[in-house]
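Engineer: Just dropping this structure here.
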Protein chains: 2
Amino acid sequence: MTLIALPQFHTFEEPLALQSGASIRAYTLAYETYGKLNADKSNAVLICHALNASHHVAGVYPDKEKSEGWWDNMIGPGKPVDTNRFFVIGINNLGSCFGSTGPMHIHPDTGKVYGADFPVVTVEDWVNAQARLLDVLGIQTLAAVMGGSLGGMQALSWTLQFPERMRHAVVVASAPNLNAENIAFNEVARRAIVTDPDFHGGHFYEYGVVPKRGLRIARMIGHITYLSDDVMNEKFGRQLRDGMDLKYSTQDVEFQIESYLRYQGDKFSEYFDANTYLLITRALDYFDPAKAFDGKLSAAFARATAKFLLVSFSTDWRFSPARSREIVKALLDNHRDVSYAEIDAPHGHDAFLLDDARYLNVVRSYFEGVPA
Amino acid sequence: MTLIALPQFHTFEEPLALQSGASIRAYTLAYETYGKLNADKSNAVLICHALNASHHVAGVYPDKEKSEGWWDNMIGPGKPVDTNRFFVIGINNLGSCFGSTGPMHIHPDTGKVYGADFPVVTVEDWVNAQARLLDVLGIQTLAAVMGGSLGGMQALSWTLQFPERMRHAVVVASAPNLNAENIAFNEVARRAIVTDPDFHGGHFYEYGVVPKRGLRIARMIGHITYLSDDVMNEKFGRQLRDGMDLKYSTQDVEFQIESYLRYQGDKFSEYFDANTYLLITRALDYFDPAKAFDGKLSAAFARATAKFLLVSFSTDWRFSPARSREIVKALLDNHRDVSYAEIDAPHGHDAFLLDDARYLNVVRSYFEGVPA
């Protein structure tokens with residue numbers, strides 16, 4: 001049975017106060033839902049997305065080939081998050097470039113495109129915005145919140161911001177904050193974008209150009225960090241381009257890995273918004289629930305009441321298992337109910353989006369224990 | 001006793017045939033020597049440099065403050081490579097921007113600056129050029145060749161290209177070739193440079209500009225990979241800029257690590273040549289002595305007759321201990337005389353340039369066993 005997806009939109013007139021002190025008004029959130037909300041509205045599962053994803057979590061668009069949602073292997077009828085049992089909601093976050101209000105839209109106060117004036121949004125702001133959409137949908141309490149990577153940070157933040165509105169948190173390939181190396185990679189990507197002459201201080205829309213050079217570099221860096229050393233060596237190794245011998249060129253492609261990265265960079269620069277890239281990497285940088293507790297993660301999680309599943313992947317060096325274990329420890333310090341699986345997978349951070357039977361089964365088993 | 005360094009230059013009129021099939025003529029090599037060549041010319045040690053270094057290996061320039069050579073902690077009177085015993089030679093490689101002929105110099109055939117037309121040079125080409133300089137200096141056989149990182153690759157290549165002209169190879173923090181991830185990081189850096197509008201296809205000299213944006217990004221990426229995750233967390237962690245709270249800005253510096261990387265990038269872009277960056281990273285990419293032997297490193301090292309010291313550092317993820325162990329294994333397969341030290345150091349790849357007593361002592365002990 002094919003799951004058909006239908007994007008929906010809701011516009012919020014009341015301003016949303018943001019963590020920075022700014023606020024945003026007259027904003028729209030794009031979302032999709034799959035499955036049926038039950039009579040007592042207790043079977044809703046919210047899926048939070050990471051950098052390069054959206055509200056289109058599962059299913060396909062009827063008029064569009066290869067339009068599977070980004071977590072379609074995880075969510076759907078009979079899948080680990082079973083839409084025959086759960087009412088699953090995907091929401092596109094504020095500041096994104098995939099449907100919700102973002103930097104490419106009109107600022108209602110000025111009548112001009114936001115561009116670099118789009119307010120800085122944090123994980124906490126996104127969670128607040130998501131909670132408001134649940135109000136609109138008449139859902140008081142979520143059966144679960146689930147996300148991978150930056151999406152996992154949102155699931156964690158839900159347990160701290162709205163402990164009374166959720167019962168389970170499923171946090172995959174995530175971390176309690178970014179370490180210096182992760183911030184460093186984000187910063188290089190941002191500098192590549194900001195110093196692209198076509199960025200125009202973030203107001204490139206007015207100039208009819210796109211800082212593609214910067215976006216390409218940002219994506220290439222990203223791709224390296226999403227993959228494991230092992231999988232890169234296995235997939236590409238030192239292979240030269242098909243049928244080619246060395247050309248001895250500093251500017252042409254010599255190795256397969258170069259060709260792959262250039263392709264990924266080119267593709268990304270065609271559709272991703274540069275200001276969104278800056279906003280989302282900053283949301284990653286800023287997330288740090290322990291900060292208000294003198295860096296003590298256990299103190300931060302004293303508020304959480306949800307039950308937790310955490311999953312990490314052995315070769316993920318961007319959000320390593322050690323970072324997930326920090327969260328597990330903080331939860332155990334608070335005597336929370338935590339399941340934790342460390343999946344021995346070769347694919348690095350990307351593993352959270354891939355088909356790995358053990359991983360999918362861990363999530364399936366967990367959700368079987370979540371009452372719908 | 002302060003070692004005084006004096007740069008010297010030799011111009012070669014006879015063309016040097018390069019691995020690419022091209023050749024270069026009328027080129028100059030910059031070099032420095034420290035200590036005294038003994039009567040039978042048997043105490044010479046050649047030091048090979050990596051990406052951002054030169055012939056100025058040790059000592060200071062009399063008229064210049066803070067002008068210590070890049071390996072001054074390793075080489076000098078009474079130091080691990082003791083210039084009271086050895087005649088140490090530092091040579092700047094072809095294509096560099098620190099004194100030897102490079103892309104910023106005049107092509108003798110055209111009378112124009114080489115720019116992107118500077119021929120692609122490989123580790124093997126550099127070794128051939130170094131051997132020619134030894135001919136000029138009247139040195140038939142080296143007591144040792146030593147280098148770290150890309151310099152270590154040159155030391156390895158010496159053992160294969162001129163086994164009869166050297167007795168010892170000291171190879172620090174190096175690898176038998178780059179893996180896919182390393183090539184990937186090089187490629188991103190190169191793309192940042194090549195796509196900088198100020199690069200002008202490598203002929204920016206004619207336009208009076210420098211592709212600083214690209215060089216900055218390249219250096220920032222480099223710096224991340226030179227440091228270990230641990231040392232980054234210890235030095236910077238999530239510290240904000242001095243005395244600042246969050247500004248909620250996508251473009252300004254928020255974290256110390258961002259400030260550090262921007263500073264390093266800015267500094268580098270002031271002095272490093274963009275074409276040199278491309279050439280040197282390509283030399284890194286291309287080096288692969290096992291390639292001609294069906295990928296069999298043991299077969300490649302059958303030619304080597306030198307004695308070896310290899311050193312690696314536990315937290316070096318750019319040239320990891322596992323890569324050094326591959327070399328050790330290949331040498332042992334050939335019943336070569338190999339010493340190997342894996343230093344438990346927190347500093348990542350950078351450790352090979354830093355003061356670590358165990359590391360310096362390992363090198364000192366090894367050289368004590370090298371007859372001068």
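Letters for chains follow the order of the structure tokens (A, B, ...), residue numbers begin at 1 for each chain, and ligand numbers begin at 1 in the order shown.
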Hey, could you lay chain A over chain B with a least-squares C-alpha fit (all atoms, paired in order) and save it as a CSV table (one decimal) with C-alpha atoms, in the first residue's frame?

Structural biologist:
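Below is the file selection-v7.csv, written as the result:
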chain,number,residue,atom,x,y,z
A,1,MET,CA,74.2,28.7,21.4
A,2,THR,CA,72.0,30.2,18.7
A,3,LEU,CA,72.1,28.6,15.3
A,4,ILE,CA,72.2,31.2,12.5
A,5,ALA,CA,70.5,30.2,9.3
A,6,LEU,CA,71.5,31.5,5.9
A,7,PRO,CA,69.3,30.7,2.9
A,8,GLN,CA,71.2,29.7,-0.2
A,9,PHE,CA,70.0,29.2,-3.8
A,10,HIS,CA,71.1,27.1,-6.7
A,11,THR,CA,69.8,27.4,-10.2
A,12,PHE,CA,69.6,24.4,-12.4
A,13,GLU,CA,69.8,24.9,-16.2
A,14,GLU,CA,69.3,21.3,-17.2
A,15,PRO,CA,65.6,20.5,-17.5
A,16,LEU,CA,64.1,18.2,-14.9
A,17,ALA,CA,61.8,15.5,-16.4
A,18,LEU,CA,58.7,15.3,-14.4
A,19,GLN,CA,56.4,12.3,-13.7
A,20,SER,CA,53.6,13.9,-15.6
A,21,GLY,CA,55.7,13.8,-18.8
A,22,ALA,CA,56.3,17.6,-18.7
A,23,SER,CA,59.6,19.1,-17.7
A,24,ILE,CA,60.9,22.2,-16.0
A,25,ARG,CA,64.0,24.1,-16.8
A,26,ALA,CA,66.0,27.0,-15.4
A,27,TYR,CA,64.6,26.4,-11.9
A,28,THR,CA,66.0,27.5,-8.6
A,29,LEU,CA,66.0,25.6,-5.3
A,30,ALA,CA,66.3,27.4,-2.0
A,31,TYR,CA,68.0,25.5,0.7
A,32,GLU,CA,69.8,25.9,4.1
A,33,THR,CA,72.4,23.8,5.8
A,34,TYR,CA,73.3,23.5,9.4
A,35,GLY,CA,76.4,21.9,11.0
A,36,LYS,CA,79.5,20.8,9.0
A,37,LEU,CA,79.8,18.3,6.3
A,38,ASN,CA,82.5,15.8,7.4
A,39,ALA,CA,85.6,14.9,5.4
A,40,ASP,CA,84.0,11.8,3.7
A,41,LYS,CA,80.7,13.6,3.3
A,42,SER,CA,78.9,10.8,5.2
A,43,ASN,CA,77.0,12.9,7.8
A,44,ALA,CA,74.4,14.6,5.8
A,45,VAL,CA,70.7,14.5,6.9
A,46,LEU,CA,68.1,15.8,4.5
A,47,ILE,CA,64.9,17.2,6.0
A,48,CYS,CA,61.8,17.2,3.8
A,49,HIS,CA,59.0,19.7,4.4
A,50,ALA,CA,55.2,19.4,4.4
A,51,LEU,CA,52.5,21.8,3.1
A,52,ASN,CA,53.2,25.0,4.9
A,53,ALA,CA,56.9,24.9,5.4
A,54,SER,CA,60.2,25.5,3.7
A,55,HIS,CA,63.9,25.1,3.6
A,56,HIS,CA,64.1,27.1,6.8
A,57,VAL,CA,64.1,24.1,9.1
A,58,ALA,CA,66.2,25.3,12.0
A,59,GLY,CA,68.0,28.3,13.5
A,60,VAL,CA,67.1,31.9,13.2
A,61,TYR,CA,67.8,34.7,10.7
A,62,PRO,CA,70.1,37.2,12.4
A,63,ASP,CA,68.1,40.3,11.4
A,64,LYS,CA,64.6,38.9,12.1
A,65,GLU,CA,62.8,38.3,15.4
A,66,LYS,CA,60.8,35.1,15.9
A,67,SER,CA,62.4,33.6,12.8
A,68,GLU,CA,63.0,30.1,14.2
A,69,GLY,CA,62.9,27.3,11.6
A,70,TRP,CA,59.8,25.2,11.6
A,71,TRP,CA,61.5,22.2,13.1
A,72,ASP,CA,63.9,24.1,15.4
A,73,ASN,CA,62.8,22.1,18.4
A,74,MET,CA,64.1,19.0,16.6
A,75,ILE,CA,67.2,20.2,14.8
A,76,GLY,CA,70.1,22.1,16.1
A,77,PRO,CA,73.2,21.8,18.4
A,78,GLY,CA,72.5,19.2,21.1
A,79,LYS,CA,69.0,18.6,19.7
A,80,PRO,CA,67.5,15.3,18.7
A,81,VAL,CA,69.0,15.7,15.2
A,82,ASP,CA,72.3,17.2,16.5
A,83,THR,CA,73.9,19.6,14.2
A,84,ASN,CA,77.1,19.2,16.1
A,85,ARG,CA,77.3,15.7,14.6
A,86,PHE,CA,75.2,16.0,11.4
A,87,PHE,CA,75.2,18.3,8.4
A,88,VAL,CA,71.5,19.0,8.0
A,89,ILE,CA,70.0,20.2,4.8
A,90,GLY,CA,66.6,21.8,4.3
A,91,ILE,CA,65.4,22.2,0.7
A,92,ASN,CA,62.3,24.1,-0.4
A,93,ASN,CA,60.4,22.1,-2.9
A,94,LEU,CA,59.6,23.0,-6.5
A,95,GLY,CA,56.3,24.8,-6.7
A,96,SER,CA,56.5,26.2,-3.3
A,97,CYS,CA,56.0,29.9,-2.5
A,98,PHE,CA,58.9,30.2,0.0
A,99,GLY,CA,61.9,30.6,-2.2
A,100,SER,CA,62.3,27.8,-4.8
A,101,THR,CA,60.8,28.3,-8.3
A,102,GLY,CA,57.0,28.3,-8.1
A,103,PRO,CA,53.9,29.4,-9.8
A,104,MET,CA,54.5,33.1,-9.0
A,105,HIS,CA,57.8,33.1,-11.0
A,106,ILE,CA,58.5,33.7,-14.6
A,107,HIS,CA,58.2,30.9,-17.1
A,108,PRO,CA,61.4,31.0,-19.1
A,109,ASP,CA,59.7,29.9,-22.3
A,110,THR,CA,57.0,32.6,-22.2
A,111,GLY,CA,58.4,35.4,-20.2
A,112,LYS,CA,55.2,35.4,-18.2
A,113,VAL,CA,54.3,34.3,-14.7
A,114,TYR,CA,53.6,30.6,-14.6
A,115,GLY,CA,50.4,30.8,-12.6
A,116,ALA,CA,48.3,27.8,-13.4
A,117,ASP,CA,50.8,26.7,-16.1
A,118,PHE,CA,53.3,25.7,-13.5
A,119,PRO,CA,53.8,21.9,-14.1
A,120,VAL,CA,52.3,19.5,-11.7
A,121,VAL,CA,55.0,18.1,-9.4
A,122,THR,CA,54.9,14.9,-7.5
A,123,VAL,CA,56.7,13.6,-4.4
A,124,GLU,CA,58.9,11.6,-6.8
A,125,ASP,CA,59.7,14.8,-8.7
A,126,TRP,CA,60.7,16.6,-5.5
A,127,VAL,CA,62.9,13.7,-4.5
A,128,ASN,CA,64.6,13.8,-8.0
A,129,ALA,CA,65.2,17.5,-7.6
A,130,GLN,CA,66.6,17.1,-4.1
A,131,ALA,CA,69.0,14.4,-5.3
A,132,ARG,CA,70.2,16.8,-8.0
A,133,LEU,CA,71.0,19.4,-5.3
A,134,LEU,CA,72.9,16.8,-3.4
A,135,ASP,CA,75.0,16.2,-6.5
A,136,VAL,CA,75.8,20.0,-6.5
A,137,LEU,CA,76.8,19.7,-2.8
A,138,GLY,CA,79.0,16.8,-3.7
A,139,ILE,CA,77.0,14.4,-1.4
A,140,GLN,CA,76.7,10.9,-2.7
A,141,THR,CA,75.0,9.2,0.3
A,142,LEU,CA,72.8,10.6,3.0
A,143,ALA,CA,73.1,9.4,6.5
A,144,ALA,CA,69.4,10.0,6.8
A,145,VAL,CA,66.3,11.5,5.2
A,146,MET,CA,63.6,12.7,7.6
A,147,GLY,CA,60.2,14.2,7.2
A,148,GLY,CA,56.8,14.5,8.8
A,149,SER,CA,53.4,14.2,7.0
A,150,LEU,CA,54.0,15.0,3.3
A,151,GLY,CA,57.7,15.3,4.3
A,152,GLY,CA,57.5,11.7,5.5
A,153,MET,CA,56.2,10.6,2.1
A,154,GLN,CA,59.3,12.2,0.5
A,155,ALA,CA,61.5,10.2,3.0
A,156,LEU,CA,59.6,7.0,2.0
A,157,SER,CA,60.0,7.8,-1.7
A,158,TRP,CA,63.8,8.4,-1.2
A,159,THR,CA,64.1,4.8,0.0
A,160,LEU,CA,62.5,3.6,-3.2
A,161,GLN,CA,64.0,6.0,-5.7
A,162,PHE,CA,67.5,6.2,-4.4
A,163,PRO,CA,68.0,3.2,-2.0
A,164,GLU,CA,71.7,3.3,-2.6
A,165,ARG,CA,72.1,7.0,-1.7
A,166,MET,CA,70.7,6.8,1.9
A,167,ARG,CA,71.1,4.8,5.0
A,168,HIS,CA,68.2,5.8,7.3
A,169,ALA,CA,64.7,7.0,6.8
A,170,VAL,CA,62.8,8.8,9.6
A,171,VAL,CA,59.1,9.0,8.7
A,172,VAL,CA,56.9,10.9,11.1
A,173,ALA,CA,53.1,11.1,11.1
A,174,SER,CA,52.9,9.9,7.5
A,175,ALA,CA,51.1,7.4,5.4
A,176,PRO,CA,51.7,5.2,2.4
A,177,ASN,CA,49.0,7.2,0.5
A,178,LEU,CA,46.0,9.4,1.2
A,179,ASN,CA,42.7,7.7,1.9
A,180,ALA,CA,39.4,8.9,0.4
A,181,GLU,CA,38.6,11.2,3.3
A,182,ASN,CA,42.0,13.0,3.0
A,183,ILE,CA,41.6,13.4,-0.7
A,184,ALA,CA,38.1,14.7,0.0
A,185,PHE,CA,39.3,17.4,2.4
A,186,ASN,CA,42.0,18.4,-0.1
A,187,GLU,CA,39.4,18.6,-2.9
A,188,VAL,CA,37.1,20.9,-0.9
A,189,ALA,CA,40.0,23.2,-0.1
A,190,ARG,CA,40.9,23.3,-3.8
A,191,ARG,CA,37.4,24.0,-4.9
A,192,ALA,CA,37.2,26.9,-2.4
A,193,ILE,CA,40.3,28.3,-4.1
A,194,VAL,CA,39.5,27.6,-7.7
A,195,THR,CA,35.9,28.9,-7.4
A,196,ASP,CA,37.0,32.1,-5.8
A,197,PRO,CA,36.3,34.8,-8.4
A,198,ASP,CA,39.8,36.3,-7.7
A,199,PHE,CA,41.5,33.1,-8.8
A,200,HIS,CA,41.0,33.8,-12.5
A,201,GLY,CA,41.8,30.3,-13.5
A,202,GLY,CA,45.1,30.5,-11.6
A,203,HIS,CA,46.3,33.6,-13.4
A,204,PHE,CA,45.3,36.1,-10.6
A,205,TYR,CA,48.8,37.6,-10.6
A,206,GLU,CA,48.0,39.4,-13.8
A,207,TYR,CA,44.9,40.9,-12.2
A,208,GLY,CA,46.7,42.2,-9.2
A,209,VAL,CA,44.4,40.2,-6.8
A,210,VAL,CA,44.7,37.2,-4.6
A,211,PRO,CA,42.0,34.5,-4.0
A,212,LYS,CA,42.1,35.2,-0.3
A,213,ARG,CA,38.5,33.9,0.3
A,214,GLY,CA,39.4,30.5,-1.0
A,215,LEU,CA,42.8,30.4,0.8
A,216,ARG,CA,41.0,31.2,4.1
A,217,ILE,CA,38.5,28.4,3.7
A,218,ALA,CA,41.3,26.0,2.7
A,219,ARG,CA,43.3,26.9,5.8
A,220,MET,CA,40.3,26.6,8.1
A,221,ILE,CA,39.6,23.1,6.8
A,222,GLY,CA,43.2,22.2,7.2
A,223,HIS,CA,43.4,23.4,10.7
A,224,ILE,CA,40.4,21.4,11.8
A,225,THR,CA,42.0,18.2,10.4
A,226,TYR,CA,45.4,19.0,12.0
A,227,LEU,CA,44.0,19.1,15.4
A,228,SER,CA,42.4,16.3,17.4
A,229,ASP,CA,38.8,16.4,18.6
A,230,ASP,CA,40.2,16.2,22.2
A,231,VAL,CA,42.6,19.1,21.9
A,232,MET,CA,40.0,21.3,20.2
A,233,ASN,CA,37.6,20.6,23.1
A,234,GLU,CA,40.2,21.3,25.6
A,235,LYS,CA,41.5,24.5,24.0
A,236,PHE,CA,38.2,25.9,22.8
A,237,GLY,CA,35.3,23.7,23.8
A,238,ARG,CA,32.1,25.7,23.6
A,239,GLN,CA,33.7,28.9,25.0
A,240,LEU,CA,32.2,32.1,23.8
A,241,ARG,CA,34.4,35.0,22.8
A,242,ASP,CA,36.0,36.8,25.8
A,243,GLY,CA,33.4,38.4,28.0
A,244,MET,CA,30.6,38.0,25.5
A,245,ASP,CA,27.3,36.4,25.8
A,246,LEU,CA,25.4,35.0,22.8
A,247,LYS,CA,24.7,37.6,20.1
A,248,TYR,CA,22.4,35.4,18.1
A,249,SER,CA,24.1,36.2,14.9
A,250,THR,CA,24.6,33.9,11.9
A,251,GLN,CA,27.5,36.0,10.5
A,252,ASP,CA,29.4,37.3,13.6
A,253,VAL,CA,31.8,35.2,15.7
A,254,GLU,CA,30.1,33.6,18.7
A,255,PHE,CA,32.5,30.9,19.8
A,256,GLN,CA,36.3,31.0,20.4
A,257,ILE,CA,36.9,28.3,17.9
A,258,GLU,CA,35.4,30.5,15.2
A,259,SER,CA,37.6,33.3,16.1
A,260,TYR,CA,40.7,31.1,16.1
A,261,LEU,CA,39.9,29.6,12.7
A,262,ARG,CA,39.1,33.0,11.1
A,263,TYR,CA,42.4,34.3,12.4
A,264,GLN,CA,44.4,31.3,11.1
A,265,GLY,CA,42.6,31.6,7.7
A,266,ASP,CA,43.3,35.4,7.5
A,267,LYS,CA,47.0,35.0,8.4
A,268,PHE,CA,47.5,32.2,5.9
A,269,SER,CA,45.8,34.1,3.0
A,270,GLU,CA,48.3,36.9,3.5
A,271,TYR,CA,51.3,34.8,2.6
A,272,PHE,CA,50.5,31.5,0.9
A,273,ASP,CA,50.2,31.1,-2.8
A,274,ALA,CA,46.9,29.7,-4.2
A,275,ASN,CA,48.5,27.7,-7.0
A,276,THR,CA,51.1,26.3,-4.6
A,277,TYR,CA,48.2,25.1,-2.4
A,278,LEU,CA,46.8,23.3,-5.4
A,279,LEU,CA,50.1,21.8,-6.4
A,280,ILE,CA,51.1,20.6,-2.9
A,281,THR,CA,47.7,19.0,-2.1
A,282,ARG,CA,47.8,17.2,-5.5
A,283,ALA,CA,51.3,15.9,-4.7
A,284,LEU,CA,49.7,14.5,-1.5
A,285,ASP,CA,46.8,13.0,-3.4
A,286,TYR,CA,49.0,11.4,-6.0
A,287,PHE,CA,51.6,9.8,-3.7
A,288,ASP,CA,51.0,6.0,-3.8
A,289,PRO,CA,54.1,3.9,-4.1
A,290,ALA,CA,52.0,0.7,-4.0
A,291,LYS,CA,50.0,1.7,-7.1
A,292,ALA,CA,52.6,0.3,-9.6
A,293,PHE,CA,52.5,-3.0,-7.6
A,294,ASP,CA,48.8,-3.7,-7.8
A,295,GLY,CA,48.3,-1.9,-4.5
A,296,LYS,CA,50.7,-4.2,-2.7
A,297,LEU,CA,52.8,-2.1,-0.4
A,298,SER,CA,55.1,-5.0,0.6
A,299,ALA,CA,56.0,-5.4,-3.1
A,300,ALA,CA,56.7,-1.7,-3.4
A,301,PHE,CA,59.1,-1.7,-0.5
A,302,ALA,CA,61.1,-4.7,-1.7
A,303,ARG,CA,63.5,-2.1,-3.3
A,304,ALA,CA,64.1,-0.3,0.0
A,305,THR,CA,67.4,-1.0,1.8
A,306,ALA,CA,67.5,1.8,4.4
A,307,LYS,CA,66.9,1.3,8.1
A,308,PHE,CA,63.7,2.9,9.3
A,309,LEU,CA,62.2,4.8,12.2
A,310,LEU,CA,58.5,5.4,12.0
A,311,VAL,CA,56.6,7.6,14.5
A,312,SER,CA,52.8,8.2,14.7
A,313,PHE,CA,50.6,9.9,17.2
A,314,SER,CA,47.6,8.4,18.8
A,315,THR,CA,45.1,11.2,18.1
A,316,ASP,CA,46.2,12.0,14.6
A,317,TRP,CA,43.2,11.2,12.5
A,318,ARG,CA,44.6,12.7,9.3
A,319,PHE,CA,47.6,10.3,9.2
A,320,SER,CA,46.5,7.8,11.8
A,321,PRO,CA,48.8,5.3,13.5
A,322,ALA,CA,47.0,2.6,11.5
A,323,ARG,CA,48.5,4.1,8.3
A,324,SER,CA,52.0,4.0,9.8
A,325,ARG,CA,51.5,0.4,10.8
A,326,GLU,CA,50.8,-0.4,7.2
A,327,ILE,CA,54.2,0.8,6.3
A,328,VAL,CA,55.8,-1.0,9.2
A,329,LYS,CA,54.1,-4.2,8.1
A,330,ALA,CA,55.3,-3.8,4.5
A,331,LEU,CA,58.8,-3.3,5.7
A,332,LEU,CA,58.7,-6.3,8.1
A,333,ASP,CA,57.4,-8.4,5.2
A,334,ASN,CA,60.7,-7.5,3.5
A,335,HIS,CA,62.7,-8.2,6.7
A,336,ARG,CA,63.8,-4.6,6.9
A,337,ASP,CA,65.2,-3.1,10.0
A,338,VAL,CA,62.3,-1.0,11.4
A,339,SER,CA,61.8,0.9,14.7
A,340,TYR,CA,58.3,2.1,15.3
A,341,ALA,CA,56.9,4.4,18.1
A,342,GLU,CA,53.3,5.3,18.6
A,343,ILE,CA,53.2,8.3,20.8
A,344,ASP,CA,50.2,8.8,23.0
A,345,ALA,CA,49.8,12.5,22.3
A,346,PRO,CA,46.6,14.6,22.5
A,347,HIS,CA,47.5,17.1,19.7
A,348,GLY,CA,46.4,15.2,16.5
A,349,HIS,CA,48.5,15.6,13.4
A,350,ASP,CA,50.1,18.8,14.7
A,351,ALA,CA,51.9,16.7,17.3
A,352,PHE,CA,54.7,16.1,14.9
A,353,LEU,CA,55.8,19.7,15.1
A,354,LEU,CA,55.3,20.1,18.9
A,355,ASP,CA,57.4,19.5,22.0
A,356,ASP,CA,56.6,16.1,23.3
A,357,ALA,CA,59.5,14.7,25.4
A,358,ARG,CA,58.8,11.1,24.5
A,359,TYR,CA,58.6,11.9,20.8
A,360,LEU,CA,61.8,14.0,20.8
A,361,ASN,CA,63.6,11.3,22.8
A,362,VAL,CA,62.6,8.6,20.4
A,363,VAL,CA,64.1,10.6,17.6
A,364,ARG,CA,67.2,11.5,19.6
A,365,SER,CA,67.8,7.9,20.5
A,366,TYR,CA,67.5,6.8,16.9
A,367,PHE,CA,69.9,9.4,15.7
A,368,GLU,CA,72.4,8.4,18.4
A,369,GLY,CA,72.5,5.1,16.6
A,370,VAL,CA,73.2,6.7,13.2
A,371,PRO,CA,76.9,7.0,12.6
A,372,ALA,CA,78.0,10.5,11.7

Engineer: I need the residues of range 247-321 of chain A that end up classed as strand (DSSP E) by DSSP on the backbone, written out as an NGL selection string.

Structural biologist: :A and (307-313)

Engineer: How would the residues just picked look written out with all heavy atoms as a JSON list (two decimals), in the first residue's frame?

Structural biologist:
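Produced file selection_32.json, reproduced below:
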[["chain", "number", "residue", "atom", "x", "y", "z"],
["A", 307, "LYS", "N", 9.73, 8.70, 28.66],
["A", 307, "LYS", "CA", 10.58, 7.53, 28.48],
["A", 307, "LYS", "C", 11.40, 7.73, 27.21],
["A", 307, "LYS", "O", 10.94, 8.39, 26.27],
["A", 307, "LYS", "CB", 9.72, 6.27, 28.37],
["A", 307, "LYS", "CG", 8.95, 5.99, 29.66],
["A", 307, "LYS", "CD", 8.14, 4.71, 29.57],
["A", 307, "LYS", "CE", 7.44, 4.48, 30.91],
["A", 307, "LYS", "NZ", 6.69, 3.22, 30.92],
["A", 308, "PHE", "N", 12.60, 7.17, 27.20],
["A", 308, "PHE", "CA", 13.55, 7.47, 26.13],
["A", 308, "PHE", "C", 14.05, 6.23, 25.41],
["A", 308, "PHE", "O", 14.33, 5.21, 26.04],
["A", 308, "PHE", "CB", 14.80, 8.16, 26.71],
["A", 308, "PHE", "CG", 14.59, 9.60, 27.09],
["A", 308, "PHE", "CD1", 14.00, 9.93, 28.31],
["A", 308, "PHE", "CD2", 15.00, 10.62, 26.25],
["A", 308, "PHE", "CE1", 13.83, 11.25, 28.68],
["A", 308, "PHE", "CE2", 14.82, 11.95, 26.61],
["A", 308, "PHE", "CZ", 14.24, 12.27, 27.84],
["A", 309, "LEU", "N", 14.18, 6.37, 24.09],
["A", 309, "LEU", "CA", 15.02, 5.46, 23.32],
["A", 309, "LEU", "C", 16.11, 6.31, 22.67],
["A", 309, "LEU", "O", 15.80, 7.29, 21.97],
["A", 309, "LEU", "CB", 14.23, 4.74, 22.22],
["A", 309, "LEU", "CG", 15.10, 3.98, 21.20],
["A", 309, "LEU", "CD1", 15.87, 2.83, 21.85],
["A", 309, "LEU", "CD2", 14.25, 3.46, 20.03],
["A", 310, "LEU", "N", 17.35, 5.93, 22.90],
["A", 310, "LEU", "CA", 18.46, 6.57, 22.19],
["A", 310, "LEU", "C", 19.15, 5.55, 21.31],
["A", 310, "LEU", "O", 19.31, 4.39, 21.71],
["A", 310, "LEU", "CB", 19.46, 7.17, 23.17],
["A", 310, "LEU", "CG", 18.96, 8.49, 23.79],
["A", 310, "LEU", "CD1", 18.50, 8.27, 25.20],
["A", 310, "LEU", "CD2", 20.02, 9.56, 23.69],
["A", 311, "VAL", "N", 19.53, 5.98, 20.12],
["A", 311, "VAL", "CA", 20.25, 5.11, 19.19],
["A", 311, "VAL", "C", 21.46, 5.88, 18.66],
["A", 311, "VAL", "O", 21.36, 7.07, 18.33],
["A", 311, "VAL", "CB", 19.36, 4.71, 17.99],
["A", 311, "VAL", "CG1", 20.12, 3.77, 17.05],
["A", 311, "VAL", "CG2", 18.06, 4.04, 18.46],
["A", 312, "SER", "N", 22.60, 5.21, 18.62],
["A", 312, "SER", "CA", 23.77, 5.82, 17.98],
["A", 312, "SER", "C", 24.42, 4.78, 17.06],
["A", 312, "SER", "O", 24.07, 3.61, 17.10],
["A", 312, "SER", "CB", 24.77, 6.31, 19.02],
["A", 312, "SER", "OG", 25.39, 5.20, 19.65],
["A", 313, "PHE", "N", 25.35, 5.26, 16.25],
["A", 313, "PHE", "CA", 26.00, 4.38, 15.26],
["A", 313, "PHE", "C", 27.51, 4.41, 15.45],
["A", 313, "PHE", "O", 28.11, 5.48, 15.57],
["A", 313, "PHE", "CB", 25.61, 4.82, 13.85],
["A", 313, "PHE", "CG", 24.13, 4.77, 13.63],
["A", 313, "PHE", "CD1", 23.34, 5.89, 13.83],
["A", 313, "PHE", "CD2", 23.50, 3.57, 13.30],
["A", 313, "PHE", "CE1", 21.96, 5.85, 13.68],
["A", 313, "PHE", "CE2", 22.13, 3.50, 13.13],
["A", 313, "PHE", "CZ", 21.34, 4.65, 13.33]]

Engineer: DSSP on the backbone: which residues in range 152-331 of chain B end up as helix (DSSP H, G or I)? Give the answer as a PyMOL selection string.

Structural biologist: chain B and resi 152-161+163-165+180-194+197-202+204-207+212-226+229-235+256-271+274-286+291-293+297-303+321-331
